[in-house]
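One structure below.
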Amino acid sequence: MKVSVIGTGNMGRGFAARLVKAGHSVGVHGRDAAKAADVAQAIGAKAVSAAEAGKADIIVLAVPFDAAVDALKALGDIAGRVVIDITNPLTADYMGLTIGHTTSAAEEIARAVPGVALVKGFNTVFAQVLAGDGKVAGGHDVPAYLASDSAEAKAVAAELARSIGFGVVDAGGLKNARYLEALAGLNIYLGYGAGLGTAVTPIWLPVAG
Ligand SMILES: NC(=O)c1ccc[n+]([C@@H]2O[C@H](COP(=O)([O-])OP(=O)(O)OC[C@H]3O[C@@H](n4cnc5c(N)ncnc54)[C@H](OP(=O)(O)O)[C@@H]3O)[C@@H](O)[C@H]2O)c1
């Protein structure tokens, strides 16, 4: 698949590297073209312009939530594209969410950039987990929870997730991004606030007996 990664930070780099490893055609785009070129070169991807990034089959949005709408709009006409929103609307100290309950980052982005097929996902995956290709203890794949109002877009995102080694959990419609973003908030609290570290990931496992 032709995939664009918007953002060259921890998540953008990690995503692009895993996508390259899985054989996808990956374009890296960032606000700093020189940094995007360095990141792309380091992982065997291609640095691309905003316009080129907008032509990919799938666009992975890996910038802060506050910058997400502008970053997407800068790509030009992306109507119909599958956009995977990995953002979390975090407070400055990372210990809370700036929005929730009645909306979510994903729903706000979908509202501001109508016409894209938005999928919420991977926002519960720490950058450290994304950077490795480890399994959850017990041999389970790290889950990518995917929420979208488009079944087709969710299927495309699921195929992408599996291709880079994630398990997929269908998390329902885009409205459930409210839960996924809160889940990420809990993950961040447990990882940083409660000292579990960032080599952890939320997963639902069956209970025997
Ligand atoms: N880190 C995690 O473990 C994790 C896990 C799940 C989800 N997320 C979410 O993933 C997204 C990226 O996180 P990250 O950890 O990769 O952050 P990061 O390392 O700080 O990288 C952020 C990227 O966004 C760019 N950026 C920042 N402000 C921007 C703006 N105003 N306009 C355009 N681009 C801007 C940065 O550009 P410069 O390099 O030029 O500054 C950088 O490329 C965030 O929404 C975060 O909530 C993070």
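Naming works like this for the structure tokens: A, B, ... for the chains as they're shown, residue 1 at the start of each chain, ligands 1 onward in shown order.
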Please return as a ChimeraX atom specification: the residues of region 28-65 of chain A that backbone DSSP assigns to alpha helix (DSSP H).
-> /A:33-43,50-53,65
task = With only C-alpha atoms and all ligand atoms counted, collect every polymer residue having an atom within 9 Å of ligand 1; state the result as a ChimeraX atom specification.
result = /A:6-14,29-33,35-36,61-68,70-71,85-90,94,121-130,184,188,198
Exercise for review: Check region 23-164 of chain A with DSSP on the backbone and list each residue it calls strand (DSSP E), as number ranges by chain.
Suggested key: A: 25-29, 46-47, 58-61, 82-85, 117-121, 143-148
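Going from CA of Leu205 (chain A) over to CA of His140 (chain A), you cover 9.2 Å.
If you look at CA of Arg162 (chain A) and CA of Ala110 (chain A), they are 24.1 Å away from each other.
Interatomic distance, CA of Ala106 (chain A) to CA of Ala153 (chain A): 14.1 Å.
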